[in-house]
Amino acid sequence: QEKVQQSPESLIVPEGAMSSLNCTFSNSASQSIWWYQQHPGKGPEALISIFSNGNKKEGRLTVYLNRASLHVSLHIRDSQPSDSAVYLCAVSMLNYNQGKLIFGQGTKLSIKP
Amino acid sequence: DPKIIQKPKYLVAVTGSEKILICEQYLGHNAMYWYRQSAKKPLEFMFSYSYQKLMDNQTASSRFQPQSSKKNHLDLQITALKPDDSATYFCASSRGQNTLYFGAGTRLSVL
């Protein structure tokens with residue numbers, strides 16, 4: 001069974017600084033890795049995904065994937081108070097059906113003005 | 001306007017009773033899912049449907065039964081409710097293998 005671990009559990013970052021979140025997964029046969037944002041009382045919302053080794057940038061978000069070390073990280077540049085939320089890392093597997101994602105327990109990010 | 005509607009938003013039930021959680025999506029997606037999020041566990045996959053057919057069931061208990069009466073509906077019937085069933089249940093949808101879109105969830109409390 002695939003396992004997804006996120007660190008840290010919680011993170012406090014000053015407004016305007018870089019936020020860095022980490023995720024490790026247990027199976028190198030994972031297909032894509034997703035990052036979701038979840039605000040209190042809301043459903044998760046997809047932010048960015050990555051399949052290939054290396055990095056991917058979208059706006060203020062950059063994600064780095066290293067399949068050899070089974071590690072992916074999300075970096076949020078110029079963090080804003082509206083970025084305060086729980087961030088979920090999720091992995092899809094090649095031999096799983098569509099839409100089945102394995103989620104980590106989340107990192108709670110708080111941006112301090 | 002929300003494109004995935006889940007009803008009700010909050011639900012309180014007594015142990016042993018039966019409840020139905022409603023989900024409708026207006027994104028034109030062919031695949032729909034149920035996920036569960038409880039206090040101490042990560043978001044957990046339960047079921048997936050594609051074109052109204054069950055594709056995957058990761059729920060060990062038969063007390064959980066998805067029902068798809070229309071292509072954009074996927075309800076979840078839960079029978080013989082237990083306190084351990086207390087959680088937030090999220091409906092999601094996607095077009096094929098693409099991004100999953102989640103509803104706002106139904107928070108179920110079983111007393």
# chains A, B, ... in the order shown; residues from 1 in each chain; ligands from 1

$ interface_residues --of "chain B" --to "chain A" --cutoff "6 Å" --atoms "only C-alpha atoms" --output "PyMOL selection string"
chain B and resi 42-43+97+102-104

$ residues_around --residues "segment 107-109 of chain A" --least-positions-apart "5" --cutoff "12 Å" --atoms "only C-alpha atoms" --output "MDAnalysis selection string"
(chainID A and resid 5:15 18:23 35:40 73:76 79:89) or (chainID B and resid 42)

$ closest_atom_pairs --of "segment 22-81 of chain B" --to "segment 9-17 of chain B" --cutoff "10 Å" --atoms "only C-alpha atoms" --output "Markdown table"
| residue | atom | partner | partner_atom | distance |
| --- | --- | --- | --- | --- |
| B:Ile22 | CA | B:Lys9 | CA | 9.7 |
| B:Ile78 | CA | B:Ser17 | CA | 8.5 |
| B:Thr79 | CA | B:Ser17 | CA | 6.3 |
| B:Ala80 | CA | B:Gly16 | CA | 4.1 |
| B:Leu81 | CA | B:Gly16 | CA | 4.7 |

$ write_last_selection --atoms "C-alpha atoms" --output "mmCIF file, in the first residue's frame"
data_model
loop_
_atom_site.group_PDB
_atom_site.id
_atom_site.type_symbol
_atom_site.label_atom_id
_atom_site.label_comp_id
_atom_site.auth_asym_id
_atom_site.auth_seq_id
_atom_site.Cartn_x
_atom_site.Cartn_y
_atom_site.Cartn_z
ATOM 1 C CA ILE B 22 -26.343 13.711 -1.918
ATOM 2 C CA ILE B 78 -24.822 4.616 4.811
ATOM 3 C CA THR B 79 -26.751 2.077 6.895
ATOM 4 C CA ALA B 80 -26.413 0.934 10.513
ATOM 5 C CA LEU B 81 -24.423 4.048 11.359
#

$ closest_residue --among "B:Pro83, B:Pro8, B:Gly96, B:Gly105" --to "Gly28 of chain B" --atoms "only C-alpha atoms"
B:Gly96

$ residues_around --residues "Lys71 of chain B" --least-positions-apart "2" --cutoff "10 Å" --atoms "only C-alpha atoms" --output "list in words"
Glu24, Gln25, Gly28, His29, Asn30, Ala31, Met32, Tyr49, Ser50, Tyr51, Gln52, Lys53, Ser68, Ser69, His73 and Leu74 of chain B

$ decode --residues "segment 15-50 of chain A" --atoms "N, CA and C atoms" --output "tab-separated table (two decimals), in the first residue's frame"
chain	number	residue	atom	x	y	z
A	15	GLU	N	4.71	37.05	6.02
A	15	GLU	CA	4.21	37.50	4.72
A	15	GLU	C	5.37	37.96	3.85
A	16	GLY	N	5.34	37.55	2.59
A	16	GLY	CA	6.39	37.92	1.64
A	16	GLY	C	7.53	36.93	1.55
A	17	ALA	N	7.61	36.01	2.50
A	17	ALA	CA	8.71	35.03	2.50
A	17	ALA	C	8.33	33.81	1.66
A	18	MET	N	9.28	32.90	1.53
A	18	MET	CA	9.07	31.64	0.80
A	18	MET	C	8.55	30.58	1.76
A	19	SER	N	7.51	29.87	1.35
A	19	SER	CA	7.01	28.72	2.12
A	19	SER	C	7.46	27.45	1.41
A	20	SER	N	8.01	26.50	2.19
A	20	SER	CA	8.52	25.25	1.61
A	20	SER	C	7.90	24.06	2.32
A	21	LEU	N	7.24	23.21	1.57
A	21	LEU	CA	6.54	22.06	2.12
A	21	LEU	C	7.12	20.80	1.47
A	22	ASN	N	7.16	19.71	2.26
A	22	ASN	CA	7.79	18.48	1.79
A	22	ASN	C	6.83	17.30	1.81
A	23	CYS	N	7.12	16.34	0.93
A	23	CYS	CA	6.28	15.15	0.82
A	23	CYS	C	7.15	14.00	0.35
A	24	THR	N	7.04	12.86	1.02
A	24	THR	CA	7.72	11.65	0.55
A	24	THR	C	6.68	10.57	0.28
A	25	PHE	N	6.94	9.73	-0.70
A	25	PHE	CA	6.04	8.66	-1.04
A	25	PHE	C	6.82	7.36	-1.09
A	26	SER	N	6.10	6.25	-1.03
A	26	SER	CA	6.80	4.98	-0.79
A	26	SER	C	7.05	4.16	-2.04
A	27	ASN	N	6.45	4.53	-3.18
A	27	ASN	CA	6.53	3.67	-4.36
A	27	ASN	C	7.00	4.46	-5.57
A	28	SER	N	8.13	4.08	-6.14
A	28	SER	CA	8.66	4.81	-7.29
A	28	SER	C	7.80	4.62	-8.53
A	29	ALA	N	6.84	3.67	-8.50
A	29	ALA	CA	5.94	3.47	-9.64
A	29	ALA	C	4.77	4.42	-9.61
A	30	SER	N	4.81	5.37	-8.70
A	30	SER	CA	3.73	6.36	-8.66
A	30	SER	C	3.68	7.10	-9.99
A	31	GLN	N	2.48	7.53	-10.35
A	31	GLN	CA	2.29	8.15	-11.65
A	31	GLN	C	2.52	9.65	-11.56
A	32	SER	N	1.56	10.35	-10.98
A	32	SER	CA	1.68	11.79	-10.82
A	32	SER	C	1.59	12.15	-9.35
A	33	ILE	N	2.19	13.27	-9.02
A	33	ILE	CA	2.08	13.80	-7.66
A	33	ILE	C	1.35	15.13	-7.75
A	34	TRP	N	0.36	15.28	-6.88
A	34	TRP	CA	-0.50	16.45	-6.86
A	34	TRP	C	-0.35	17.19	-5.54
A	35	TRP	N	-0.51	18.50	-5.62
A	35	TRP	CA	-0.65	19.32	-4.42
A	35	TRP	C	-2.03	19.96	-4.43
A	36	TYR	N	-2.75	19.80	-3.31
A	36	TYR	CA	-4.07	20.39	-3.14
A	36	TYR	C	-4.02	21.38	-1.97
A	37	GLN	N	-4.86	22.41	-2.05
A	37	GLN	CA	-5.02	23.39	-0.98
A	37	GLN	C	-6.41	23.23	-0.39
A	38	GLN	N	-6.50	23.22	0.93
A	38	GLN	CA	-7.80	23.08	1.59
A	38	GLN	C	-7.96	24.14	2.66
A	39	HIS	N	-8.96	25.02	2.46
A	39	HIS	CA	-9.31	26.00	3.47
A	39	HIS	C	-10.35	25.40	4.41
A	40	PRO	N	-10.43	25.91	5.66
A	40	PRO	CA	-11.37	25.35	6.65
A	40	PRO	C	-12.80	25.31	6.11
A	41	GLY	N	-13.45	24.16	6.27
A	41	GLY	CA	-14.83	24.02	5.85
A	41	GLY	C	-15.04	23.90	4.35
A	42	LYS	N	-13.95	23.76	3.60
A	42	LYS	CA	-14.04	23.66	2.13
A	42	LYS	C	-13.44	22.33	1.66
A	43	GLY	N	-13.73	22.00	0.42
A	43	GLY	CA	-13.11	20.83	-0.18
A	43	GLY	C	-11.72	21.16	-0.70
A	44	PRO	N	-10.89	20.14	-0.90
A	44	PRO	CA	-9.54	20.37	-1.46
A	44	PRO	C	-9.65	20.93	-2.88
A	45	GLU	N	-8.68	21.80	-3.23
A	45	GLU	CA	-8.63	22.38	-4.56
A	45	GLU	C	-7.25	22.12	-5.15
A	46	ALA	N	-7.22	21.57	-6.36
A	46	ALA	CA	-5.94	21.24	-6.98
A	46	ALA	C	-5.15	22.49	-7.30
A	47	LEU	N	-3.85	22.45	-6.97
A	47	LEU	CA	-2.97	23.59	-7.25
A	47	LEU	C	-2.04	23.31	-8.42
A	48	ILE	N	-1.35	22.17	-8.35
A	48	ILE	CA	-0.31	21.88	-9.33
A	48	ILE	C	0.00	20.39	-9.27
A	49	SER	N	0.41	19.83	-10.39
A	49	SER	CA	0.81	18.43	-10.42
A	49	SER	C	2.11	18.29	-11.19
A	50	ILE	N	2.81	17.18	-10.94
A	50	ILE	CA	4.06	16.92	-11.64
A	50	ILE	C	4.19	15.42	-11.88
